[in-house]
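See below for final.tsv, which holds TSV, C-alpha atoms and all ligand atoms.
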```tsv
chain	number	residue	atom	x	y	z
A	241	MET	CA	-6.79	159.35	91.36
A	242	GLN	CA	-7.41	160.97	94.76
A	243	GLY	CA	-7.07	164.70	95.42
A	244	THR	CA	-8.67	167.76	96.95
A	245	ALA	CA	-9.11	170.00	93.89
A	246	TRP	CA	-12.91	169.80	94.22
A	247	ALA	CA	-13.12	169.99	98.02
A	248	GLY	CA	-15.96	172.22	99.22
A	249	ARG	CA	-17.91	171.96	95.94
A	250	ARG	CA	-21.26	170.28	95.48
A	251	VAL	CA	-21.82	168.60	92.12
A	252	LEU	CA	-25.12	167.23	90.81
A	253	ILE	CA	-24.90	164.73	87.94
A	254	THR	CA	-27.49	162.88	85.86
A	255	ALA	CA	-26.53	159.57	84.28
A	256	GLY	CA	-27.88	156.64	82.32
A	257	PRO	CA	-31.00	156.25	80.25
A	258	THR	CA	-34.60	156.89	81.20
A	259	TYR	CA	-37.27	154.26	80.64
A	260	GLU	CA	-40.71	155.39	79.55
A	261	ASP	CA	-43.23	152.69	80.33
A	262	LEU	CA	-45.79	151.66	77.72
A	263	ASP	CA	-47.38	148.94	79.85
A	264	PRO	CA	-46.27	146.71	82.74
A	265	VAL	CA	-43.76	144.84	80.54
A	266	ARG	CA	-42.58	147.24	77.83
A	267	TYR	CA	-40.82	150.59	77.78
A	268	LEU	CA	-39.10	153.04	75.46
A	269	GLY	CA	-35.42	153.34	76.32
A	270	ASN	CA	-31.99	153.89	74.80
A	271	ARG	CA	-28.47	152.47	74.78
A	272	SER	CA	-26.92	154.57	77.55
A	273	SER	CA	-25.09	152.35	80.06
A	274	GLY	CA	-24.46	155.16	82.57
A	275	ARG	CA	-20.68	154.62	82.35
A	276	MET	CA	-19.83	158.20	81.31
A	277	GLY	CA	-21.88	159.77	84.11
A	278	TYR	CA	-20.65	157.32	86.74
A	279	ALA	CA	-17.06	158.04	85.69
A	280	VAL	CA	-17.63	161.78	86.16
A	281	ALA	CA	-19.27	161.13	89.56
A	282	ALA	CA	-16.40	158.87	90.66
A	283	ALA	CA	-13.73	161.34	89.53
A	284	ALA	CA	-15.41	164.32	91.21
A	285	ALA	CA	-15.89	162.42	94.49
A	286	ALA	CA	-12.29	161.17	94.40
A	287	GLN	CA	-11.18	164.80	94.19
A	288	GLY	CA	-13.18	165.89	97.20
A	289	ALA	CA	-16.52	167.04	95.73
A	290	GLU	CA	-19.80	166.29	97.45
A	291	VAL	CA	-21.53	164.40	94.63
A	292	THR	CA	-25.22	163.64	94.11
A	293	LEU	CA	-25.87	161.25	91.22
A	294	VAL	CA	-29.41	161.01	89.81
A	295	SER	CA	-29.32	157.76	87.90
A	296	GLY	CA	-31.61	156.09	85.41
A	297	PRO	CA	-31.77	152.28	85.34
A	298	VAL	CA	-28.21	150.92	85.02
A	299	THR	CA	-26.26	147.91	86.29
A	300	LEU	CA	-23.31	149.85	87.73
A	301	ALA	CA	-22.09	150.03	91.32
A	302	THR	CA	-22.32	153.37	93.11
A	303	PRO	CA	-18.87	155.04	93.15
A	304	PRO	CA	-17.36	155.47	96.64
A	305	GLY	CA	-18.56	158.56	98.49
A	306	VAL	CA	-21.36	159.36	96.02
A	307	ARG	CA	-24.98	159.93	97.07
A	308	ARG	CA	-27.11	158.12	94.49
A	309	ILE	CA	-30.79	158.66	93.75
A	310	ASP	CA	-32.36	156.04	91.46
A	311	VAL	CA	-35.12	157.02	89.04
A	312	ARG	CA	-36.76	155.34	86.05
A	313	SER	CA	-38.50	157.93	83.89
A	314	ALA	CA	-37.62	161.40	82.62
A	315	GLU	CA	-40.35	162.92	84.78
A	316	ALA	CA	-38.91	161.24	87.88
A	317	MET	CA	-35.38	162.38	86.93
A	318	HIS	CA	-36.67	165.94	86.47
A	319	ALA	CA	-38.32	165.92	89.92
A	320	ALA	CA	-35.24	164.41	91.63
A	321	VAL	CA	-32.90	166.96	90.01
A	322	LEU	CA	-35.04	169.97	90.98
A	323	ASP	CA	-35.29	168.59	94.53
A	324	ALA	CA	-31.50	168.17	94.85
A	325	LEU	CA	-30.63	171.44	93.07
A	326	PRO	CA	-30.56	174.04	95.89
A	327	GLY	CA	-26.97	174.67	97.01
A	328	GLN	CA	-25.31	172.84	94.11
A	329	HIS	CA	-22.28	174.55	92.55
A	330	VAL	CA	-22.14	172.52	89.31
A	331	PHE	CA	-24.74	170.53	87.34
A	332	ILE	CA	-23.50	168.01	84.76
A	333	ALA	CA	-26.17	166.36	82.58
A	334	THR	CA	-24.70	163.17	81.10
A	335	ALA	CA	-28.01	161.28	81.07
A	336	ALA	CA	-29.64	160.25	77.81
A	337	VAL	CA	-33.11	161.45	78.72
A	338	ALA	CA	-36.00	160.26	76.56
A	339	ASP	CA	-37.44	163.26	74.75
A	340	PHE	CA	-40.88	161.62	74.57
A	341	ARG	CA	-43.06	159.37	76.72
A	342	PRO	CA	-46.32	157.58	75.97
A	343	ARG	CA	-49.28	159.87	76.69
A	344	GLU	CA	-50.73	157.06	78.81
A	345	ARG	CA	-49.16	154.03	80.46
A	346	GLN	CA	-51.52	151.08	79.89
A	347	ALA	CA	-52.41	149.20	83.08
A	348	SER	CA	-52.44	145.83	81.28
A	349	LYS	CA	-50.11	144.35	78.69
A	350	ILE	CA	-50.91	145.70	75.21
A	351	LYS	CA	-52.21	142.83	73.07
A	352	LYS	CA	-51.14	142.18	69.51
A	353	GLN	CA	-54.00	142.47	67.02
A	354	ALA	CA	-53.67	140.01	64.14
A	355	GLY	CA	-52.41	141.77	61.03
A	356	SER	CA	-52.35	145.33	62.42
A	357	GLY	CA	-49.53	147.57	63.61
A	358	LEU	CA	-49.42	149.78	66.67
A	359	ALA	CA	-49.38	153.58	66.68
A	360	LEU	CA	-47.90	155.18	69.79
A	361	ASP	CA	-49.19	158.51	71.05
A	362	LEU	CA	-46.17	160.28	72.54
A	363	VAL	CA	-45.88	163.56	74.44
A	364	GLN	CA	-42.73	165.58	75.14
A	365	ASN	CA	-40.81	165.13	78.38
A	366	PRO	CA	-39.54	168.10	80.37
A	367	ASP	CA	-36.07	169.27	79.35
A	368	ILE	CA	-34.19	168.88	82.64
A	369	LEU	CA	-31.04	170.65	81.46
A	370	ALA	CA	-32.88	173.67	80.04
A	371	ASP	CA	-34.97	173.94	83.21
A	372	VAL	CA	-31.90	173.97	85.45
A	373	ALA	CA	-30.22	176.53	83.18
A	374	ALA	CA	-33.28	178.80	83.37
A	375	ARG	CA	-33.21	179.00	87.20
A	376	GLN	CA	-31.80	181.90	89.20
A	377	PRO	CA	-29.60	181.43	91.12
A	378	ARG	CA	-28.22	178.51	89.18
A	379	PRO	CA	-25.14	176.32	89.30
A	380	PHE	CA	-22.48	176.22	86.56
A	381	VAL	CA	-24.38	174.18	83.95
A	382	VAL	CA	-22.67	171.58	81.76
A	383	GLY	CA	-24.67	169.71	79.12
A	384	PHE	CA	-23.70	166.76	76.97
A	385	ALA	CA	-24.62	166.42	73.31
A	386	ALA	CA	-24.84	163.08	71.55
A	387	GLU	CA	-24.66	163.59	67.81
A	388	THR	CA	-24.14	161.33	64.82
A	389	ASP	CA	-22.85	164.07	62.48
A	390	ASP	CA	-21.85	167.73	62.51
A	391	VAL	CA	-21.04	167.23	66.19
A	392	GLU	CA	-19.60	170.66	67.00
A	393	ARG	CA	-22.17	172.68	65.06
A	394	TYR	CA	-25.15	171.03	66.77
A	395	ALA	CA	-23.42	171.20	70.14
A	396	ARG	CA	-22.69	174.92	69.86
A	397	ASP	CA	-26.32	175.48	68.90
A	398	LYS	CA	-27.40	173.63	72.11
A	399	LEU	CA	-24.90	175.62	74.20
A	400	VAL	CA	-26.54	178.87	73.08
A	401	ARG	CA	-30.19	177.73	72.84
A	402	LYS	CA	-30.26	176.06	76.27
A	403	LYS	CA	-28.18	178.89	77.84
A	404	LEU	CA	-25.50	176.52	79.14
A	405	ASP	CA	-22.06	177.43	80.49
A	406	MET	CA	-20.37	174.48	78.76
A	407	ILE	CA	-21.24	171.54	76.54
A	408	ALA	CA	-19.40	168.25	76.04
A	409	ALA	CA	-20.18	166.80	72.65
A	410	ASN	CA	-19.57	163.21	71.68
A	411	ARG	CA	-20.08	161.35	68.47
A	412	VAL	CA	-22.49	158.42	68.76
A	413	GLY	CA	-23.61	155.80	66.28
A	414	THR	CA	-20.24	154.05	66.08
A	415	ASP	CA	-19.39	151.08	68.28
A	416	ASP	CA	-16.10	152.33	69.66
A	417	CYS	CA	-17.19	155.40	71.64
A	418	GLY	CA	-20.11	157.18	73.25
A	419	PHE	CA	-23.07	154.97	74.15
A	420	ASP	CA	-22.44	151.68	75.94
A	421	SER	CA	-18.70	151.66	75.37
A	422	ASP	CA	-15.67	151.90	77.69
A	423	ARG	CA	-14.15	154.77	75.76
A	424	ASN	CA	-15.15	158.23	74.65
A	425	ALA	CA	-13.81	161.43	73.10
A	426	LEU	CA	-15.28	164.89	73.62
A	427	ALA	CA	-15.38	168.26	71.96
A	428	VAL	CA	-15.89	170.57	74.96
A	429	LEU	CA	-17.24	173.99	74.07
A	430	TRP	CA	-17.88	177.14	76.07
A	431	HIS	CA	-18.94	180.57	74.92
A	432	ASP	CA	-15.51	181.96	74.07
A	433	GLY	CA	-13.53	178.80	73.48
A	434	GLY	CA	-13.26	175.06	73.49
A	435	ALA	CA	-10.97	172.06	73.85
A	436	GLN	CA	-10.73	168.52	72.56
A	437	VAL	CA	-10.58	165.60	74.95
A	438	ASP	CA	-8.90	162.80	73.02
A	439	MET	CA	-10.25	159.26	72.85
A	440	ALA	CA	-9.53	157.45	76.12
A	441	ASP	CA	-11.23	155.32	78.75
A	442	LYS	CA	-14.17	157.12	80.36
A	443	ALA	CA	-12.36	157.60	83.71
A	444	THR	CA	-9.61	159.57	81.95
A	445	VAL	CA	-12.11	161.55	79.88
A	446	ALA	CA	-14.07	162.37	83.06
A	447	ARG	CA	-10.96	163.69	84.85
A	448	ARG	CA	-10.05	165.90	81.88
A	449	LEU	CA	-13.60	167.26	81.66
A	450	LEU	CA	-13.54	168.11	85.38
A	451	GLU	CA	-10.24	170.02	84.90
A	452	LEU	CA	-11.84	172.07	82.12
A	453	ILE	CA	-14.88	172.81	84.28
A	454	LEU	CA	-12.80	173.72	87.34
A	455	ALA	CA	-10.72	176.18	85.34
A	456	ARG	CA	-13.91	178.00	84.30
A	457	LEU	CA	-15.86	178.13	87.55
A	458	PRO	CA	-16.52	181.66	88.72
A	459	ASP	CA	-14.74	182.71	91.94
A	460	GLY	CA	-16.57	181.39	94.95
A	461	ALA	CA	-18.27	178.53	93.09
B	501	LIG	O1	-24.09	156.14	79.36
B	501	LIG	P1	-22.98	155.75	78.39
B	501	LIG	O2	-23.21	154.41	77.76
B	501	LIG	O3	-21.62	155.87	79.06
B	501	LIG	O4	-23.00	156.78	77.20
B	501	LIG	C1	-22.68	158.13	77.43
B	501	LIG	C2	-23.56	159.08	76.61
B	501	LIG	C3	-23.26	158.89	75.13
B	501	LIG	C4	-25.04	158.81	76.91
B	501	LIG	C5	-23.18	160.51	77.10
B	501	LIG	O5	-21.82	160.76	76.86
B	501	LIG	C6	-24.03	161.57	76.40
B	501	LIG	O6	-23.76	162.02	75.29
B	501	LIG	N1	-25.14	162.01	77.07
B	501	LIG	C7	-26.13	162.90	76.50
B	501	LIG	C8	-27.02	162.10	75.59
B	501	LIG	C9	-28.18	162.91	75.09
B	501	LIG	O7	-29.30	162.57	75.38
B	501	LIG	O8	-27.91	163.97	74.38
B	501	LIG	P2	-29.02	164.97	73.79
B	501	LIG	O9	-28.31	165.68	72.71
B	501	LIG	O10	-30.29	164.24	73.43
B	501	LIG	O11	-29.35	165.93	75.02
B	501	LIG	C10	-28.63	167.11	75.25
B	501	LIG	C11	-28.50	167.39	76.71
B	501	LIG	O12	-29.79	167.68	77.28
B	501	LIG	C12	-27.90	166.27	77.55
B	501	LIG	O13	-27.07	166.87	78.53
B	501	LIG	C13	-29.12	165.62	78.21
B	501	LIG	O14	-28.79	165.03	79.48
B	501	LIG	C14	-30.04	166.83	78.37
B	501	LIG	N2	-31.48	166.52	78.33
B	501	LIG	C15	-32.04	166.10	77.17
B	501	LIG	C16	-33.40	165.88	77.10
B	501	LIG	C17	-34.18	166.11	78.27
B	501	LIG	N3	-35.50	165.91	78.25
B	501	LIG	N4	-33.60	166.53	79.41
B	501	LIG	C18	-32.26	166.73	79.47
B	501	LIG	O15	-31.71	167.11	80.53
```
As structure tokens, how would this structure be written, given the file I've shared?
Amino acid sequence: MQGTAWAGRRVLITAGPTYEDLDPVRYLGNRSSGRMGYAVAAAAAAQGAEVTLVSGPVTLATPPGVRRIDVRSAEAMHAAVLDALPGQHVFIATAAVADFRPRERQASKIKKQAGSGLALDLVQNPDILADVAARQPRPFVVGFAAETDDVERYARDKLVRKKLDMIAANRVGTDDCGFDSDRNALAVLWHDGGAQVDMADKATVARRLLELILARLPDGA
């Protein structure tokens, strides 16, 4: 759906998973397909926004009119986001960023030792969303929350703790929505209110989310 509602606004979006390499052939990853983030990028661009999409490894085509920056790891996504941040009006973090990475990436393939397991030494990745929210000046900051239960309670906690302007919470762990599915439903929360976005294809959900964001942008943003 084409339009001009977002004309003159710059929107930075993260999408997809991050891959944290263990060795040249193995990585830690997750089930994000990138579809939710790409749908938001496509909808914003179709409505006139200047969109930069920082994408983890996915198999999706770049939406028309979107500037795409490909990254693999959380650290690379963090660096790309901070680099693209100046001048952005809105930041939307749909990516499923790995919270941990191996302390060291092994240069050679890790060999199996007969009869023994493997303990991984993991360190925390930077929290991209919290870092963007802590900057001044900062864009209007929208986080996503993927939860298996108590979706709204955990999401509201993240809204406050990470000092976000808005959070879009989705239930994951079922096959029909959220990760790696064509459909989604959101509970969108802001500090003095919220709205439900009913289950629909991700393009429809993305358009509805953008309407909710647009209605809450401060004047001039
Ligand atoms: O990609 P799809 O298959 O379409 O699936 C979409 C989705 C389910 C991945 C998406 O709708 C979604 O919920 N994305 C957020 C998933 C997530 O990692 O949630 P979280 O609760 O772990 O993280 C909370 C927020 O912090 C997210 O906005 C995340 O992008 C951000 N974050 C998290 C960790 C980190 N190190 N840096 C971050 O920026």
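Take the candidates A:Ala347, A:Ala409, A:Leu360, A:Ala446 and check each one against ligand LIG 501 (chain B) using all atoms listed in the file; the shortest distance goes to A:Ala409.
Distance annotation: of A:Val251, A:Ile368, A:Ile309, A:Leu450, the residue with the minimal separation from ligand LIG 501 (chain B) is A:Ile368; atom set is all atoms listed in the file.
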Would you please work out which residue, of A:Leu293, A:Ala333, A:Ala284, A:Leu300, is nearest to Gly243 in chain A when using only C-alpha atoms? A:Ala284
What are the centre and the three edge lengths of an axis-aligned box that wraps all atoms of ligand LIG 501 (chain B) in the file, given that 3 Å is added to every side, written as lines of an AutoDock Vina configuration file and rounded to one decimal in Å?
```
center_x = -28.6
center_y = 161.0
center_z = 76.6
size_x = 19.9
size_y = 19.3
size_z = 13.8
```
Neighbour residues at most 12 Å from (-23.6, 154.2, 91.0) (all atoms listed in the file) as JSON, numbers by chain: {"A": [253, 254, 255, 256, 273, 274, 275, 276, 277, 278, 279, 280, 281, 282, 285, 291, 292, 293, 294, 295, 296, 297, 298, 299, 300, 301, 302, 303, 304, 305, 306, 307, 308, 309, 310]}
8 Å shell around ligand LIG 501 (chain B) using all atoms listed in the file, listed as a ChimeraX atom specification: /A:254-257,271-278,314,318,332-340,364-370,382-387,395,398,407-412,417-422,424,442
For the residues in that selection, give me C-alpha atoms as a tab-separated table (two decimals), keeping the file's coordinate frame.
```
chain	number	residue	atom	x	y	z
A	254	THR	CA	-27.49	162.88	85.86
A	255	ALA	CA	-26.53	159.57	84.28
A	256	GLY	CA	-27.88	156.64	82.32
A	257	PRO	CA	-31.00	156.25	80.25
A	271	ARG	CA	-28.47	152.47	74.78
A	272	SER	CA	-26.92	154.57	77.55
A	273	SER	CA	-25.09	152.35	80.06
A	274	GLY	CA	-24.46	155.16	82.57
A	275	ARG	CA	-20.68	154.62	82.35
A	276	MET	CA	-19.83	158.20	81.31
A	277	GLY	CA	-21.88	159.77	84.11
A	278	TYR	CA	-20.65	157.32	86.74
A	314	ALA	CA	-37.62	161.40	82.62
A	318	HIS	CA	-36.67	165.94	86.47
A	332	ILE	CA	-23.50	168.01	84.76
A	333	ALA	CA	-26.17	166.36	82.58
A	334	THR	CA	-24.70	163.17	81.10
A	335	ALA	CA	-28.01	161.28	81.07
A	336	ALA	CA	-29.64	160.25	77.81
A	337	VAL	CA	-33.11	161.45	78.72
A	338	ALA	CA	-36.00	160.26	76.56
A	339	ASP	CA	-37.44	163.26	74.75
A	340	PHE	CA	-40.88	161.62	74.57
A	364	GLN	CA	-42.73	165.58	75.14
A	365	ASN	CA	-40.81	165.13	78.38
A	366	PRO	CA	-39.54	168.10	80.37
A	367	ASP	CA	-36.07	169.27	79.35
A	368	ILE	CA	-34.19	168.88	82.64
A	369	LEU	CA	-31.04	170.65	81.46
A	370	ALA	CA	-32.88	173.67	80.04
A	382	VAL	CA	-22.67	171.58	81.76
A	383	GLY	CA	-24.67	169.71	79.12
A	384	PHE	CA	-23.70	166.76	76.97
A	385	ALA	CA	-24.62	166.42	73.31
A	386	ALA	CA	-24.84	163.08	71.55
A	387	GLU	CA	-24.66	163.59	67.81
A	395	ALA	CA	-23.42	171.20	70.14
A	398	LYS	CA	-27.40	173.63	72.11
A	407	ILE	CA	-21.24	171.54	76.54
A	408	ALA	CA	-19.40	168.25	76.04
A	409	ALA	CA	-20.18	166.80	72.65
A	410	ASN	CA	-19.57	163.21	71.68
A	411	ARG	CA	-20.08	161.35	68.47
A	412	VAL	CA	-22.49	158.42	68.76
A	417	CYS	CA	-17.19	155.40	71.64
A	418	GLY	CA	-20.11	157.18	73.25
A	419	PHE	CA	-23.07	154.97	74.15
A	420	ASP	CA	-22.44	151.68	75.94
A	421	SER	CA	-18.70	151.66	75.37
A	422	ASP	CA	-15.67	151.90	77.69
A	424	ASN	CA	-15.15	158.23	74.65
A	442	LYS	CA	-14.17	157.12	80.36
```
Please, what distance in Å, to one decimal, runs between CA of Leu325 in chain A and CA of Gln242 in chain A? 25.5 Å
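The residue that comes closest to Glu392 in chain A, out of A:Tyr259, A:Trp430, A:Phe331, A:Trp246 and on the basis of only C-alpha atoms, is A:Trp430.
CA of Asp432 in chain A is found 26.8 Å from CA of Gln287 in chain A.
Pairwise distance (CA of Arg312 in chain A, CA of Ala425 in chain A) equals 27.0 Å.
Restricting the calculation to all atoms listed in the file, the smallest distance between Pro377 in chain A and any of A:Gln436, A:Gln328, A:Thr258, A:Asn270 is found for A:Gln328.
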May I have the protein, DNA and RNA residues with an atom at most 10 Å from (-12.7, 181.5, 82.2), counting all atoms listed in the file in the file's coordinates, returned as a CSV table (one decimal) with C-alpha atoms, keeping the file's coordinate frame?
```csv
chain,number,residue,atom,x,y,z
A,430,TRP,CA,-17.9,177.1,76.1
A,431,HIS,CA,-18.9,180.6,74.9
A,432,ASP,CA,-15.5,182.0,74.1
A,433,GLY,CA,-13.5,178.8,73.5
A,452,LEU,CA,-11.8,172.1,82.1
A,453,ILE,CA,-14.9,172.8,84.3
A,454,LEU,CA,-12.8,173.7,87.3
A,455,ALA,CA,-10.7,176.2,85.3
A,456,ARG,CA,-13.9,178.0,84.3
A,457,LEU,CA,-15.9,178.1,87.6
A,458,PRO,CA,-16.5,181.7,88.7
```
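Take the candidates A:Asp459, A:Glu451, A:Asp263, A:Asp361 and check each one against Arg343 in chain A using all atoms listed in the file; the shortest distance goes to A:Asp361.
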